[in-house]
Amino acid sequence: MWTYITRNILQRIITLLIVSIVAHSVIHLAPGEPSQVDPSNPRMKPSDIENIRAAFHLDDPLHVQYVYWMRDLFTGELKSFKDNQPVLPKIWQRFLNSLPLLICATLIIWSLSFPTGIHAAMRRGSAYDRTTTFTAYALISIPGFFLSYIMILWVVNTFNVPVIGMKTFGMEDADVAFRLMDRLWHLVIPSLMSAIGGIAVLSRYVRSQMLEVVGQDYVRTARAKGLSEDNVIYRHALQNALLPFVTMFGFLLPALIGGSVIFEQIFAWPGLGRLGYEAILARDFPVILTINFIAAVLTLAGTLISDLLYAVVDPRIRLQ
Amino acid sequence: MWLKRLLTLIPVLLAAILLQSYFWVPTYETQAKGNPKRLLKYIEASSGDAKILNPILNADSASSNITGMVFEGLLDLDENLELRGRLATHWTITEQTYLLVDPNSQLPSGEPATGALLEQRIQYALDTGALPELKNILLDMRRLPSELQTTTITAQVPGDGNQTNPLSVSISITIPERLAFTLNRVDQDFFNRLAPVIGNQYGTHFQHDKYLHNVDSVDENIVAQVKAQLPSLLSVTEHNPEILFHLRHGVRFHDGQEFNSTDVKFTYDSIMNPRNISPRTSDFEPIKTIEIFDTHTVKIIYKRLYSPAISAWTMGILPEHLLNDVAMQKEMDERNLSKATRETFSMRDSTFNRNPIGVGPFRFVEWQSDQFIKLDRNEDYWEGAPEYEQYIVRIIPDLLIQEVEFQTGAIDFYSTLPHQVARYREDDKYQNFSSLGFGYVYIGYNNRKPLFANPQVRRAMSMAINVDEIIKYIMYNEAERVTGPFPKVTEWYDELIQPVPYDPEGARKLLASLGWKKNAEGWLEKDGKIFEFNMVTNSGNPIRKNIMSIAQNAWKKIGIKCNTQYFEWAVFLKDFINTGDFDATVLGWSMGIDPDLYQIWHSSQSGPQQLNFVGYNNPQADKLIVRIRQEYDRSQQRILTHELHKVIHEDQPYTFLYASKGTRILDKKIVIVEPQLDGSERYKKIYPLKSGAIQFYFTKWRKLEHTPAF
């Protein structure tokens, strides 16, 4: 077990190194210049641009720049090109903004998908099953940004309540309770919108898992024992059907950082996804690379955790 | 089965927790719910962030919007677009004029002019009543002795390749004896009025070279350049208009320091300081000097007659004590700047520009880049603290989000797009204001081209176009017809001038009388050439494109062949407009409040890169344009502008089309508060001024909890 973990961690560190080198090269070789040194910026004099380029080490060879980046990243000295703020606190701040959105969306996805999926599996072929199937495919096919815009317009026109941003602007002096509830309300629509795709996919997945498990011998045995249908489904069948979902917890980690660029953009949510998007537009290399690096770390850690969890919950699996 | 129940219960519970929050959130109708302070905040949306919060340095509307609240000028424009005192309580405009004694000129009596003789003759004419108009305006006349003056002028020396480099040359000139006159008002005809005494030819043969004493250079080229500049340095007649501003007492900057004359002079000096690269230099360039009389009196002396220069004093006044050399040194020390940075350090680099301090109704609090700029009301404002406690500009680049936020009450004002206006106009939750803008749209003909050289031809072109149709179908009636070059909302525009009638038949007859006859194919033809030309405009503007199509079709009906082309804006300017290489174009002007049309219509401004790109040239118009900018009397100016309007209308260098309307939308709960004598308050509906501005009474605006009934 422990040798498995050590070996896996070492392997993943090597993968991480390769990922970071590839990402660094790709981002630096892509066309475009950081906006501060864009020669078409009329406010900049050529001499200023030279100075900034030198300060950013932009004229050094790529591998030297890579070393500078790594050194600054691990000493915490890394600064954004855009506003010269340290990158890590900046990312942390945005991460904290994204976190409630992600937690809320995940709660919605998981709490809604299971009941709908199980019900659909139990009433296979019924009107309910067909409706949920149709709805799920419809929601998967309609682009999320489109639905979001429709939703924003509908909510705003019907209820005249603010939905954009993390809170209503101008509420700074309101009572605490109102401020809290206002924040919660601003979570509702963006998290629902970013959850929709997840609900559609996950509920389909639950349905097929359940259908598979319900056909198994031990379910028939449980029924033959005379157990009530609820007992059969929710105790014997569901427990086994849940196994593959345990691995999905591992993938929640990278989602923390990938977040939902599109939804944060549409709802003007000052989260991590938006930070990454804006950094790409401004060619803010330190920010892009660091977010990318953290995402890689989390993905690799997530897969490791999935593997371990699977071994924990499924006694048939042994890690060598 | 508990698990089954749990699986149903959790989503229901989650939904309940999330959705109940809806009942706590303020809606458009209940903006003060749980948040009474919302009513004391005015939140405006802006698409772009401000750049530099310094009234003498900014050039973008987002920044000037903020500086307009934080800073205040000596003057501003009142409801009738006339100048009104702000930091200046009142002002007087007088004039100082100078006449050089030219010994080469002969007086009408035949004697050569001398200072004493001139003075004596003028005094005699005044005493005998020969110069009645002068007697009323002349306060004082005195003789100034000849003096030696050293000054530096700029010459151009050859540099690398074709470039030339400026070089300062020190010269000394003898200023001959002069007569100085003090007038109680500005009179551009002063020297003409003196003509009976000094003769019509006075000064025409003035020998400038004789007065050049010494040039600090041996280069012949430089000496020649100096000589060429002499007439402007040593003008025989000189007008020096003077404004005496009496400043308001007891006005304090937001940091408590009292505002006084040094701040006025400092603001001017900062604008003219080349290190600051102020975009307002041209407005203040006509100033010769500023004299401080006492702490609250300053005199501005101008180099020449230029009446629009007064309105430049609407610009915000800077606090001298925070930006003078001492303060700058201190800032550089505090920021530990390197020596190289110190050398180029100017007001542009100061942190003041992100933390401005003025005397305006609102004081600066916070600026979060790309998010918001927050101002608090100035409790110490000389006109009384504003009703609103906070003025906030939110930066929202997405126009859809601006609208969405407006509908939910999270912002109070945003620039509405024309297509959004229709939605709000029907809705009684909002108040809307529609008014004519300062711009107009026109078809310009290249007056230099033989085809369009004749005003009659241009008139016929205009007669063929149904402008009312353009306004109805392209502008959805959101525009009004115009007949001339002045903004329709100003008094400079003559409402009595009738537009060229829509009369295609008349146009055809008019062209026929000029020799244009229809040929076999239906096109007008003269001397074997058909009436054909190209019309260009910029791409990406559907309105201009539609106007072109309508005009093209209208002209086709009377036998004129017009080919249309669109070019990308930069190309369009570079290859067609700036070079004057086009036949006709559809464009628009956005005008200012001043009646000065020099740049757009004076014949001297028709070179490459200049604004009179249609090459309009009418000596009568030129004369009027110059007289207008030299006239300081508003009623006189109005007579002159109406005359100019008529001249340009008759010449039809453009087919003047329309001035479009702008509509602004505001929450209906915002009203003007008027305190009554008995201490009670009365609410008044917000109304737009003549200029279309609605924020004139902004400091008296208040947002009520419920929509008031008027």
# chains A, B, ... in the order shown; residues from 1 in each chain; ligands from 1

$ interface_residues --of "chain B" --to "chain A" --cutoff "7 Å" --atoms "only C-alpha atoms" --output "list in words"
Met1, Leu3, Lys4, Leu7, Thr8, Ile10, Pro11, Leu18, Ser21, Tyr22, Trp24, Val25, Pro26, Thr27, Tyr28, Gly34, Asn35, Lys37, Arg38, Val404, Glu405, Gln407, Thr408 and Ala410 of chain B

$ residues_around --residues "Tyr211 in chain B" --least-positions-apart "4" --cutoff "10 Å" --atoms "only C-alpha atoms" --output "ChimeraX atom specification"
/B:148,172-176,207,230,234

$ write_last_selection --atoms "N, CA and C atoms" --output "PDB file, in the first residue's frame"
ATOM      1  N   LEU B 148      13.977  98.332 -24.606  1.00  0.00           N
ATOM      2  CA  LEU B 148      14.716  97.226 -25.202  1.00  0.00           C
ATOM      3  C   LEU B 148      14.216  95.939 -24.540  1.00  0.00           C
ATOM      4  N   SER B 172      17.171  90.281 -29.050  1.00  0.00           N
ATOM      5  CA  SER B 172      16.697  91.481 -28.367  1.00  0.00           C
ATOM      6  C   SER B 172      16.145  92.436 -29.415  1.00  0.00           C
ATOM      7  N   ILE B 173      15.018  93.026 -29.088  1.00  0.00           N
ATOM      8  CA  ILE B 173      14.372  93.950 -30.019  1.00  0.00           C
ATOM      9  C   ILE B 173      14.056  95.253 -29.289  1.00  0.00           C
ATOM     10  N   THR B 174      14.061  96.313 -30.056  1.00  0.00           N
ATOM     11  CA  THR B 174      13.652  97.594 -29.503  1.00  0.00           C
ATOM     12  C   THR B 174      12.174  97.731 -29.750  1.00  0.00           C
ATOM     13  N   ILE B 175      11.442  97.876 -28.683  1.00  0.00           N
ATOM     14  CA  ILE B 175      10.020  98.136 -28.860  1.00  0.00           C
ATOM     15  C   ILE B 175       9.870  99.647 -28.936  1.00  0.00           C
ATOM     16  N   PRO B 176       9.361 100.145 -30.073  1.00  0.00           N
ATOM     17  CA  PRO B 176       9.284 101.589 -30.218  1.00  0.00           C
ATOM     18  C   PRO B 176       8.262 102.185 -29.259  1.00  0.00           C
ATOM     19  N   GLN B 207       8.577  98.996 -40.726  1.00  0.00           N
ATOM     20  CA  GLN B 207       9.803  98.241 -41.037  1.00  0.00           C
ATOM     21  C   GLN B 207      10.257  97.486 -39.794  1.00  0.00           C
ATOM     22  N   LEU B 230       9.257  88.313 -36.869  1.00  0.00           N
ATOM     23  CA  LEU B 230       9.157  89.645 -36.257  1.00  0.00           C
ATOM     24  C   LEU B 230       7.759  90.258 -36.299  1.00  0.00           C
ATOM     25  N   LEU B 234       6.093  91.949 -33.065  1.00  0.00           N
ATOM     26  CA  LEU B 234       6.060  93.402 -33.030  1.00  0.00           C
ATOM     27  C   LEU B 234       4.896  93.858 -33.894  1.00  0.00           C
TER      28      LEU B 234
END

$ atom_distance --atom1 "CA of Met535 in chain B" --atom2 "CA of Tyr658 in chain B"
18.7 Å

$ select_by_dssp --residues "range 391-567 of chain B" --states "strand (DSSP E)" --output "number ranges by chain"
B: 391-395, 430-436, 439-445, 479-481, 517-518, 524-526, 529-530, 532-538, 561-567

$ write_last_selection --atoms "N, CA and C atoms" --output "compact mmCIF listing (two decimals), in the first residue's frame"
# COMPACT_ATOMS: atom_id res chain seq x y z
N TYR B 391 -21.65 59.19 -4.35
CA TYR B 391 -21.74 59.15 -5.82
C TYR B 391 -20.79 58.06 -6.25
N ILE B 392 -21.34 57.04 -6.89
CA ILE B 392 -20.50 55.89 -7.23
C ILE B 392 -20.59 55.63 -8.73
N VAL B 393 -19.46 55.44 -9.34
CA VAL B 393 -19.45 55.03 -10.74
C VAL B 393 -19.00 53.58 -10.78
N ARG B 394 -19.86 52.72 -11.29
CA ARG B 394 -19.49 51.30 -11.42
C ARG B 394 -19.02 51.05 -12.82
N ILE B 395 -17.96 50.31 -12.96
CA ILE B 395 -17.46 49.99 -14.30
C ILE B 395 -18.05 48.65 -14.72
N TYR B 430 -40.17 54.41 -15.15
CA TYR B 430 -38.98 55.21 -15.41
C TYR B 430 -39.38 56.58 -15.92
N GLN B 431 -38.49 57.54 -15.73
CA GLN B 431 -38.70 58.82 -16.37
C GLN B 431 -37.68 58.92 -17.51
N ASN B 432 -38.10 59.46 -18.62
CA ASN B 432 -37.13 59.58 -19.72
C ASN B 432 -37.09 61.01 -20.25
N PHE B 433 -35.93 61.37 -20.75
CA PHE B 433 -35.69 62.73 -21.23
C PHE B 433 -35.14 62.64 -22.63
N SER B 434 -35.80 63.28 -23.55
CA SER B 434 -35.34 63.25 -24.93
C SER B 434 -34.99 64.65 -25.33
N SER B 435 -33.81 64.83 -25.91
CA SER B 435 -33.45 66.17 -26.34
C SER B 435 -32.44 66.10 -27.48
N LEU B 436 -32.38 67.20 -28.22
CA LEU B 436 -31.47 67.25 -29.37
C LEU B 436 -30.03 67.30 -28.88
N GLY B 439 -24.72 67.46 -32.17
CA GLY B 439 -24.12 67.03 -33.43
C GLY B 439 -25.11 67.11 -34.57
N TYR B 440 -24.60 66.98 -35.78
CA TYR B 440 -25.50 66.85 -36.93
C TYR B 440 -24.83 65.98 -37.99
N VAL B 441 -25.67 65.45 -38.89
CA VAL B 441 -25.18 64.58 -39.95
C VAL B 441 -25.40 65.28 -41.28
N TYR B 442 -24.48 65.11 -42.19
CA TYR B 442 -24.57 65.85 -43.45
C TYR B 442 -23.98 65.04 -44.60
N ILE B 443 -24.32 65.47 -45.82
CA ILE B 443 -23.62 64.98 -47.00
C ILE B 443 -22.71 66.13 -47.43
N GLY B 444 -21.42 65.90 -47.45
CA GLY B 444 -20.48 66.95 -47.82
C GLY B 444 -20.03 66.78 -49.26
N TYR B 445 -20.00 67.89 -49.99
CA TYR B 445 -19.53 67.85 -51.39
C TYR B 445 -18.17 68.49 -51.45
N ALA B 479 -34.84 62.38 -34.50
CA ALA B 479 -33.94 63.39 -35.03
C ALA B 479 -34.75 64.57 -35.52
N GLU B 480 -34.07 65.70 -35.72
CA GLU B 480 -34.73 66.87 -36.27
C GLU B 480 -33.91 67.43 -37.41
N ARG B 481 -34.61 68.02 -38.35
CA ARG B 481 -33.96 68.56 -39.51
C ARG B 481 -33.10 69.77 -39.14
N LYS B 517 -28.47 68.31 -69.48
CA LYS B 517 -29.64 67.79 -70.19
C LYS B 517 -29.64 66.27 -70.13
N LYS B 518 -30.83 65.69 -70.14
CA LYS B 518 -30.92 64.23 -70.10
C LYS B 518 -30.48 63.63 -71.43
N LEU B 524 -28.09 62.72 -66.79
CA LEU B 524 -27.83 64.12 -67.13
C LEU B 524 -26.47 64.22 -67.79
N GLU B 525 -26.40 65.07 -68.83
CA GLU B 525 -25.15 65.17 -69.58
C GLU B 525 -24.88 66.62 -69.91
N LYS B 526 -23.61 67.00 -69.85
CA LYS B 526 -23.22 68.36 -70.21
C LYS B 526 -21.86 68.28 -70.88
N LYS B 529 -20.23 64.92 -71.08
CA LYS B 529 -19.91 64.14 -69.88
C LYS B 529 -21.14 63.98 -69.03
N ILE B 530 -21.36 62.77 -68.55
CA ILE B 530 -22.55 62.60 -67.71
C ILE B 530 -22.23 63.00 -66.27
N GLU B 532 -21.68 62.24 -63.03
CA GLU B 532 -21.36 61.03 -62.29
C GLU B 532 -20.30 61.34 -61.24
N PHE B 533 -20.44 60.78 -60.06
CA PHE B 533 -19.42 60.99 -59.02
C PHE B 533 -19.45 59.84 -58.02
N ASN B 534 -18.42 59.79 -57.16
CA ASN B 534 -18.32 58.75 -56.14
C ASN B 534 -18.61 59.33 -54.78
N MET B 535 -19.36 58.58 -53.99
CA MET B 535 -19.61 59.01 -52.63
C MET B 535 -19.03 57.95 -51.69
N VAL B 536 -18.29 58.42 -50.68
CA VAL B 536 -17.64 57.47 -49.76
C VAL B 536 -18.08 57.74 -48.33
N THR B 537 -18.02 56.71 -47.53
CA THR B 537 -18.15 56.90 -46.09
C THR B 537 -17.46 55.74 -45.39
N ASN B 538 -17.47 55.78 -44.06
CA ASN B 538 -16.79 54.70 -43.34
C ASN B 538 -17.72 53.50 -43.21
N LYS B 561 -25.72 60.11 -61.59
CA LYS B 561 -25.18 58.79 -61.30
C LYS B 561 -24.21 58.89 -60.13
N CYS B 562 -24.53 58.20 -59.05
CA CYS B 562 -23.67 58.25 -57.87
C CYS B 562 -23.22 56.84 -57.54
N ASN B 563 -21.90 56.66 -57.43
CA ASN B 563 -21.37 55.36 -57.04
C ASN B 563 -20.96 55.43 -55.57
N THR B 564 -21.30 54.40 -54.81
CA THR B 564 -20.99 54.47 -53.38
C THR B 564 -19.92 53.46 -52.98
N GLN B 565 -19.14 53.85 -52.01
CA GLN B 565 -18.08 52.97 -51.50
C GLN B 565 -17.95 53.15 -50.00
N TYR B 566 -17.57 52.06 -49.31
CA TYR B 566 -17.34 52.13 -47.86
C TYR B 566 -15.90 51.73 -47.57
N PHE B 567 -15.30 52.40 -46.62
CA PHE B 567 -13.94 52.04 -46.22
C PHE B 567 -13.86 52.00 -44.71
